[in-house]
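For reference, the structure discussed in these notes is given below.
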There are 2 protein chains.
Amino acid sequence: MIQPGPVFLPKGFKFSAVKAGIKASGKPDLALIVAEPTTTAAALFTKNLIVAAPVEVGRTSLARSSGRLQAVIVNSGNANCATGHAGIRDCRRVCGETARFLKLRPAEVFPSSTGIIGVPLPVEKITAQLKPLISSAGASLEHLRQFAEAILTTDSKPKLASVHLGSGRGAITGIAKGSGMIHPQLATTLVYLLTDVVATPAELKTALRKSCDDSFNTISIDGDTSTNDTVLLLASGVSGIRLRSVRKEFDRALLEVCRSLAEQIVADGEGVQHVIRLRIDRAKNRGEALQIARTISHSLLVKTAWAGADPNWGRILAAVGRSGVPVHPNKISIYIGNQMVCRGAVARSFDKNVAHEELSKPECRVTVRLGSGKASLEFLTTDLSAEYVRVNAEYST
Amino acid sequence: MIQPGPVFLPKGFKFSAVKAGIKASGKPDLALIVAEPTTTAAALFTKNLIVAAPVEVGRTSLARSSGRLQAVIVNSGNANCATGHAGIRDCRRVCGETARFLKLRPAEVFPSSTGIIGVPLPVEKITAQLKPLISSAGASLEHLRQFAEAILTTDSKPKLASVHLGSGRGAITGIAKGSGMIHPQLATTLVYLLTDVVATPAELKTALRKSCDDSFNTISIDGDTSTNDTVLLLASGVSGIRLRSVRKEFDRALLEVCRSLAEQIVADGEGVQHVIRLRIDRAKNRGEALQIARTISHSLLVKTAWAGADPNWGRILAAVGRSGVPVHPNKISIYIGNQMVCRGAVARSFDKNVAHEELSKPECRVTVRLGSGKASLEFLTTDLSAEYVRVNAEYST
């Protein structure tokens with residue numbers, strides 16, 4: 001696993017967080033990013049056809065402002081989803097009030113919500129806290145950490161990742177939340193990526209798509225795609241460094257930040273005991289590899305076997321067989337760690353204790369080799385523990 | 001739920017079961033049906049691309065014998081899957097030896113296996129018990145029950161269902177097993193349907209397809225399609241009643257038997273606390289209704305909410321949204337029992353206690369109304385409890 005290193009502060013951003021009383025726990029649940037007027041933006045959203053109000057409003061705002069944003073307002077504890085016209089109105093009101101305090105246009109304020117679906121947004125609780133929220137914004141690491149804390153729901157810890165582009169060339173810092181309803185089709189839960197380079201919204205969009213494909217789009221905790229998934233990339237331009245002059249370093253750094261955040265999300269999955277680094281090798285193409293990885297990572301029988309560190313590879317093989325991909329059974333091999341446990345879809349004798357040990361690690365490796373082509377993919381997923389069931393059987397009641 | 005009524009004995013079949021030592025528990029694990037020489041047959045098999053040896057051998061035998069069978073040999077405790085050429089050879093050996101004792105052609109003996117994947121079939125243990133197995137066959141209800149017991153794996157009870165076609169017109173009796181890896185694409189786990197009418201294999205195949213579509217193909221416990229799924233319909237012809245002279249009654253009776261067995265399988269699902277009768281209404285067509293029902297029934301977040309009898313309908317709505325079906329959110333309503341909890345994909349105020357009470361029942365009703373057309377579908381599924389995780393994290397180790 002990529003170890004999250006020190007967190008850098010990209011220039012041009014301030015952060016803050018307050019307790020608005022949305023979360024029953026009384027923890028901070030309203031968070032703000034204020035960005036320089038030079039800031040450009042690009043975002044990716046959930047592919048779920050049921051989308052939350054902030055996703056609709058945020059998408060429209062980005063179009064209206066031609067990819068220019070100066071604030072991000074996030075609440076946790078309520079998804080503002082399945083709330084109809086009232087939900088849209090509430091979301092616009094939060095953006096409008098924030099804009100008024102900051103002297104911006106409403107379309108320059110980007111909204112996000114995360115939490116329970118189908119409960120009206122407590123908009124008065126939010127607007128009542130906007131003034132202290134805005135007045136307490138600051139550019140220190142401590143302020144950034146407060147923001148990262150306030151956007152969490154069932155997460156056990158904040159998720160941060162940073163990469164410097166090299167001496168005097170700016171930095172990328174990412175903040176994410178998410179530990180359930182994780183099976184992104186495009187983006188995952190809430191992710192904010194901040195950089196101080198100078199970039200057009202189109203340049204940001206291109207960079208964002210590429211980096212998401214190999215990070216947030218190749219993880220799954222429970223196979224459920226959220227209605228609120230949003231990845232937002234903001235470039236303040238304050239460093240004066242043009243993205244196009246550091247494109248290679250920028251792309252590499254953005255991918256590294258996204259991967260680190262994706263790994264932190266999976267590792268902090270609800271009830272997760274083991275992170276599984278699932279490799280699909282020798283697939284015909286990336287699409288087929290992804291379809292197989294998702295089927296395996298969505299199989300209850302596979303995930304519960306992993307919970308028991310049980311090298312029951314037959315369940316993995318059965319999942320490959322029902323994935324919908326036209327596989328050739330006699331070409332399929334499965335590895336647990338470095339051990340081949342099945343070849344040509346047939347059992348091989350292997351050391352069960354060694355396989356059990358590998359699967360007992362906090363992070364373990366499982367590889368499925370298809371023998372269909374040259375594409376490969378690494379996918380991060382988790383086991384399914386009784387604790388996941390407990391967390392999710394008790395969420396709303 | 002259809003209450004399983006009294007079990008009838010269709011004429012022309014004998015049953016037996018013995019302990020061959022395949023199951024570690026020492027319970028009966030080898031079972032036999034012997035049928036009259038007049039018997040015709042049709043079968044449906046799993047759509048998983050990874051198929052067990054008995055599925056391959058059984059399919060070939062049915063073709064070779066032109067749909068004529070005189071024996072069914074079933075072992076539990078070992079799936080004989082992912083066992084390669086040796087698995088095929090072992091399966092043929094079991095059929096061959098059974099045929100030799102019964103003085104039949106090997107293609108007239110139909111094999112089934114269920115249990116763990118990837119472990120060589122203990123063929124000597126099986127052949128050593130064929131003689132006592134065959135010599136103890138009898139046509140009593142007690143013999144039938146012994147057969148039904150011996151084919152079980154993690155099931156907690158045998159599954160039987162019977163329907164009489166009317167006075168002097170024959171009967172249909174079904175025997176099934178299955179409580180995990182239940183998400184049939186065509187058939188489910190092991191099901192034996194016995195009748196004493198006179199029918200061609202083609203007539204049986206037609207009847208079987210129709211009845212499976214609305215029974216075994218509309219249930220799901222865990223979303224995993226087994227590698228061994230087999231539904232076998234045998235007609236002994238001993239009653240002298242031609243199927244074509246009682247087609248309507250036969251089709252209705254076969255559907256009733258299949259539905260009862262499907263319901264018994266779901267109710268006996270691993271760790272199941274609640275059976276959910278999920279209705280998809282006003283869909284564009286049956287295919288879309290089925291796709292949505294399967295996505296809902298496969299959602300970990302929905303299933304865990306059901307485990308807590310939690311009326312968290314937002315998770316159902318989110319599953320509809322990611323199902324891949326082009327739904328119109330503003331036309332979607334969701335009901336828990338008789339209460340509408342969401343209309344036009346928007347929250348409605350409803351009595352949470354009443355909804356919680358409905359979801360606390362052993363069998364509860366959830367309806368999703370799409371507003372896209374006139375098709376509807378009833379699907380049976382289950383909650384996901386910590387007990388399911390426990391059962392499946394401990395299966396092979």
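Just so we're on the same page: first chain in the structure tokens is A, next is B, and so on; residues restart at 1 for each chain, and ligands are numbered from 1 in the order they show up.
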
Would you tabulate, counting only C-alpha atoms, all residues of chain B that have an atom at most 8 Å from an atom of chain A, showing the closest pair of atoms and their distance in Å to one decimal, sorted by chain then ascending number, as a tab-separated table?
```
residue	atom	partner	partner_atom	distance
B:Lys47	CA	A:Arg322	CA	7.2
B:Asn48	CA	A:Arg322	CA	4.6
B:Leu49	CA	A:Gly321	CA	4.4
B:Ile50	CA	A:Gly321	CA	4.8
B:Ala82	CA	A:Val346	CA	4.4
B:Thr83	CA	A:Val346	CA	5.0
B:Gly84	CA	A:Val346	CA	5.2
B:Ile116	CA	A:Gly314	CA	7.7
B:Ile117	CA	A:Gly314	CA	5.0
B:Gly118	CA	A:Ala347	CA	5.1
B:Val119	CA	A:Ala347	CA	6.9
B:Met181	CA	A:Leu301	CA	7.3
B:Asp222	CA	A:Leu300	CA	6.2
B:Gly223	CA	A:Ser299	CA	7.0
B:Asp224	CA	A:Ser299	CA	6.4
B:Thr225	CA	A:Arg322	CA	6.5
B:Ser226	CA	A:Ala318	CA	6.8
B:Thr227	CA	A:Ala318	CA	6.2
B:Ser299	CA	A:Asp224	CA	6.4
B:Leu300	CA	A:Asp222	CA	6.1
B:Leu301	CA	A:Asn392	CA	6.5
B:Thr304	CA	A:Ala393	CA	4.8
B:Ala305	CA	A:Ala393	CA	4.6
B:Trp306	CA	A:Ala393	CA	7.1
B:Ala307	CA	A:Ala393	CA	5.8
B:Gly308	CA	A:Ala393	CA	4.4
B:Ala309	CA	A:Ala393	CA	7.7
B:Asp310	CA	A:Thr397	CA	6.1
B:Asn312	CA	A:Ser396	CA	6.6
B:Trp313	CA	A:Gly118	CA	7.9
B:Gly314	CA	A:Ile117	CA	4.9
B:Arg315	CA	A:Ile117	CA	7.4
B:Leu317	CA	A:Ile50	CA	7.2
B:Ala318	CA	A:Ile50	CA	6.1
B:Ala319	CA	A:Asp224	CA	7.0
B:Val320	CA	A:Ile50	CA	7.8
B:Gly321	CA	A:Leu49	CA	4.4
B:Arg322	CA	A:Asn48	CA	4.6
B:Pro326	CA	A:Leu49	CA	7.8
B:Val327	CA	A:Leu49	CA	7.4
B:Pro329	CA	A:Ile50	CA	6.4
B:Gly344	CA	A:Gly84	CA	7.9
B:Ala345	CA	A:Ala82	CA	5.3
B:Val346	CA	A:Ala82	CA	4.4
B:Ala347	CA	A:Gly118	CA	5.0
B:Leu384	CA	A:Val389	CA	7.3
B:Ser385	CA	A:Val389	CA	6.4
B:Ala386	CA	A:Ala386	CA	4.5
B:Glu387	CA	A:Ala386	CA	7.6
B:Val389	CA	A:Thr304	CA	5.6
B:Arg390	CA	A:Ala386	CA	7.1
B:Asn392	CA	A:Thr304	CA	5.6
B:Ala393	CA	A:Gly308	CA	4.4
B:Glu394	CA	A:Gly308	CA	6.2
B:Tyr395	CA	A:Ala305	CA	7.8
B:Ser396	CA	A:Asn312	CA	6.6
B:Thr397	CA	A:Asp310	CA	6.1
```

**OP:** Using backbone DSSP assignments, extract all strand (DSSP E) residues from stretch 151-182 of chain B; output them as an MDAnalysis selection string.
**Re:** chainID B and resid 159:164 171:177

Keeping only N, CA and C atoms, take the residues you just selected and write them out as a tab-separated table (two decimals), in the first residue's frame.
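Result file part-v8.tsv:
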```tsv
chain	number	residue	atom	x	y	z
B	159	LYS	N	-36.44	-30.28	1.14
B	159	LYS	CA	-37.43	-29.50	0.42
B	159	LYS	C	-38.20	-30.41	-0.51
B	160	LEU	N	-39.51	-30.53	-0.25
B	160	LEU	CA	-40.37	-31.41	-1.04
B	160	LEU	C	-41.64	-30.67	-1.39
B	161	ALA	N	-42.19	-30.97	-2.55
B	161	ALA	CA	-43.49	-30.39	-2.91
B	161	ALA	C	-44.19	-31.34	-3.88
B	162	SER	N	-45.53	-31.43	-3.76
B	162	SER	CA	-46.30	-32.36	-4.58
B	162	SER	C	-47.59	-31.73	-5.04
B	163	VAL	N	-48.01	-32.06	-6.23
B	163	VAL	CA	-49.34	-31.67	-6.69
B	163	VAL	C	-49.94	-32.84	-7.47
B	164	HIS	N	-51.22	-33.17	-7.16
B	164	HIS	CA	-51.96	-34.19	-7.90
B	164	HIS	C	-52.60	-33.53	-9.11
B	171	ALA	N	-49.38	-37.49	-10.83
B	171	ALA	CA	-48.93	-36.51	-9.83
B	171	ALA	C	-47.55	-35.99	-10.21
B	172	ILE	N	-47.21	-34.86	-9.65
B	172	ILE	CA	-45.84	-34.33	-9.78
B	172	ILE	C	-45.30	-34.12	-8.38
B	173	THR	N	-44.11	-34.67	-8.13
B	173	THR	CA	-43.45	-34.44	-6.86
B	173	THR	C	-42.05	-33.90	-7.14
B	174	GLY	N	-41.66	-32.89	-6.39
B	174	GLY	CA	-40.33	-32.31	-6.57
B	174	GLY	C	-39.51	-32.40	-5.31
B	175	ILE	N	-38.20	-32.57	-5.50
B	175	ILE	CA	-37.25	-32.61	-4.38
B	175	ILE	C	-36.14	-31.64	-4.73
B	176	ALA	N	-35.76	-30.79	-3.80
B	176	ALA	CA	-34.73	-29.79	-4.09
B	176	ALA	C	-33.76	-29.67	-2.94
B	177	LYS	N	-32.60	-29.11	-3.22
B	177	LYS	CA	-31.66	-28.72	-2.17
B	177	LYS	C	-31.04	-27.39	-2.56
```

**OP:** For stretch 127-135 of chain B, list every protein, DNA or RNA residue within 8 Å, evaluated using only C-alpha atoms, and leave out those in the same chain fewer than 2 positions away; present the list as a ChimeraX atom specification.
**Re:** /B:16-20,30-32,94,97-98,101-102,123-125,137

Store the residues picked out above in a file with C-alpha atoms, as an mmCIF file, in the first residue's frame.
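Listed below is the output, again.cif:
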```cif
data_model
loop_
_atom_site.group_PDB
_atom_site.id
_atom_site.type_symbol
_atom_site.label_atom_id
_atom_site.label_comp_id
_atom_site.auth_asym_id
_atom_site.auth_seq_id
_atom_site.Cartn_x
_atom_site.Cartn_y
_atom_site.Cartn_z
ATOM 1 C CA SER B 16 -32.522 -44.803 -1.470
ATOM 2 C CA ALA B 17 -29.693 -43.139 0.412
ATOM 3 C CA VAL B 18 -26.586 -44.248 2.295
ATOM 4 C CA LYS B 19 -23.602 -42.831 4.169
ATOM 5 C CA ALA B 20 -20.534 -42.998 1.929
ATOM 6 C CA LEU B 30 -25.097 -40.675 -1.502
ATOM 7 C CA ALA B 31 -28.600 -40.938 -2.978
ATOM 8 C CA LEU B 32 -30.303 -42.772 -5.805
ATOM 9 C CA VAL B 94 -19.721 -43.593 -10.858
ATOM 10 C CA GLU B 97 -20.619 -48.710 -12.037
ATOM 11 C CA THR B 98 -24.207 -47.771 -11.193
ATOM 12 C CA PHE B 101 -25.227 -52.984 -11.127
ATOM 13 C CA LEU B 102 -28.598 -51.934 -12.567
ATOM 14 C CA VAL B 123 -14.830 -42.048 -6.123
ATOM 15 C CA GLU B 124 -13.815 -45.202 -4.212
ATOM 16 C CA LYS B 125 -15.998 -44.208 -1.246
ATOM 17 C CA ALA B 137 -34.125 -48.794 -2.945
#
```

**OP:** Can you work out the spacing between atom CA of A:Cys95 and atom CA of A:Ala202 in Å, to one decimal?
**Re:** 23.8 Å

Shell around A:Asp213 at 12 Å using only C-alpha atoms, local window under 2 positions removed, as a compact mmCIF listing (two decimals) with N, CA and C atoms, in the first residue's frame:
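Output saved as part35.txt:
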```txt
# COMPACT_ATOMS: atom_id res chain seq x y z
N LEU A 44 -16.10 14.93 -11.86
CA LEU A 44 -16.74 13.71 -12.35
C LEU A 44 -17.78 13.32 -11.32
N PRO A 184 -17.57 2.57 -7.34
CA PRO A 184 -17.72 3.72 -8.25
C PRO A 184 -17.77 3.29 -9.71
N GLN A 185 -18.60 3.97 -10.44
CA GLN A 185 -18.66 3.78 -11.89
C GLN A 185 -17.89 4.89 -12.56
N LEU A 186 -17.66 5.95 -11.89
CA LEU A 186 -16.96 7.08 -12.48
C LEU A 186 -16.12 7.75 -11.41
N ALA A 187 -16.65 7.85 -10.25
CA ALA A 187 -16.00 8.61 -9.20
C ALA A 187 -16.43 7.95 -7.90
N THR A 188 -15.90 8.37 -6.80
CA THR A 188 -16.35 7.75 -5.57
C THR A 188 -16.65 8.73 -4.46
N THR A 206 -9.49 16.40 -18.58
CA THR A 206 -8.70 15.33 -19.20
C THR A 206 -7.84 14.63 -18.16
N ALA A 207 -7.15 15.41 -17.36
CA ALA A 207 -6.27 14.83 -16.34
C ALA A 207 -7.08 14.03 -15.33
N LEU A 208 -8.26 14.53 -14.98
CA LEU A 208 -9.09 13.89 -13.96
C LEU A 208 -9.60 12.53 -14.44
N ARG A 209 -10.10 12.49 -15.67
CA ARG A 209 -10.60 11.23 -16.22
C ARG A 209 -9.55 10.15 -16.17
N LYS A 210 -8.35 10.49 -16.65
CA LYS A 210 -7.26 9.51 -16.71
C LYS A 210 -6.93 8.99 -15.31
N SER A 211 -6.82 9.89 -14.35
CA SER A 211 -6.37 9.46 -13.03
C SER A 211 -7.46 8.67 -12.29
N SER A 215 -7.83 4.56 -10.36
CA SER A 215 -7.85 4.72 -8.90
C SER A 215 -9.27 4.48 -8.39
N PHE A 216 -10.11 5.50 -8.43
CA PHE A 216 -11.46 5.33 -7.86
C PHE A 216 -12.34 4.37 -8.65
N ASN A 217 -12.02 4.19 -9.94
CA ASN A 217 -12.84 3.27 -10.74
C ASN A 217 -12.38 1.83 -10.64
N THR A 218 -11.35 1.56 -9.87
CA THR A 218 -10.92 0.17 -9.70
C THR A 218 -10.90 -0.21 -8.22
N ILE A 219 -11.91 0.28 -7.50
CA ILE A 219 -12.08 -0.17 -6.12
C ILE A 219 -13.54 -0.54 -5.89
N VAL A 231 -16.05 13.67 -7.65
CA VAL A 231 -14.62 13.98 -7.57
C VAL A 231 -14.43 15.36 -8.18
N LEU A 254 -1.08 13.38 -9.90
CA LEU A 254 -2.52 13.28 -9.69
C LEU A 254 -2.94 11.83 -9.51
N LEU A 255 -2.39 10.95 -10.34
CA LEU A 255 -2.70 9.52 -10.22
C LEU A 255 -2.25 9.00 -8.86
N CYS A 258 -4.68 10.22 -6.23
CA CYS A 258 -5.97 9.50 -6.35
C CYS A 258 -5.84 8.07 -5.86
N ARG A 259 -4.73 7.41 -6.22
CA ARG A 259 -4.53 6.02 -5.79
C ARG A 259 -4.42 5.92 -4.29
N ALA A 262 -7.85 6.37 -2.87
CA ALA A 262 -8.67 5.18 -3.13
C ALA A 262 -8.29 4.05 -2.18
N ARG A 286 -9.17 -4.26 -21.18
CA ARG A 286 -9.38 -3.70 -19.86
C ARG A 286 -10.82 -3.85 -19.39
N GLY A 287 -11.78 -3.69 -20.33
CA GLY A 287 -13.19 -3.78 -19.99
C GLY A 287 -13.54 -5.15 -19.42
N LEU A 290 -12.03 -5.56 -15.99
CA LEU A 290 -12.78 -4.80 -14.99
C LEU A 290 -14.09 -5.53 -14.63
N LEU A 377 -5.08 -5.56 -14.98
CA LEU A 377 -5.75 -4.57 -14.17
C LEU A 377 -5.50 -4.89 -12.71
N GLU A 378 -5.29 -3.85 -11.90
CA GLU A 378 -5.24 -4.10 -10.47
C GLU A 378 -6.45 -3.45 -9.83
N PHE A 379 -7.12 -4.20 -9.00
CA PHE A 379 -8.39 -3.77 -8.41
C PHE A 379 -8.26 -3.94 -6.89
```

Subject >> 9 Å contact set for A:Leu144, only C-alpha atoms, chain neighbours under 6 positions out, as a PyMOL selection string >> reply: chain A and resi 9+14-16+33+138+175

**OP:** Would you mind reading off the distance between atom CA of B:Gly371 and atom CA of B:Ile336, one decimal, in Å?
**Re:**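 Separating atom CA of B:Gly371 from atom CA of B:Ile336 is a distance of 17.2 Å.
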
Subject >> Which of stretch 171-363 of chain B DSSP labels helix (DSSP H, G or I), written as number ranges by chain >> reply: B: 201-213, 216-218, 243-267, 286-298, 300-307, 313-321, 329-331, 352-360

Original post:
Any idea what the distance is between atom CA of B:Lys361 and atom CA of B:Val275?
Top reply: 8.4 Å
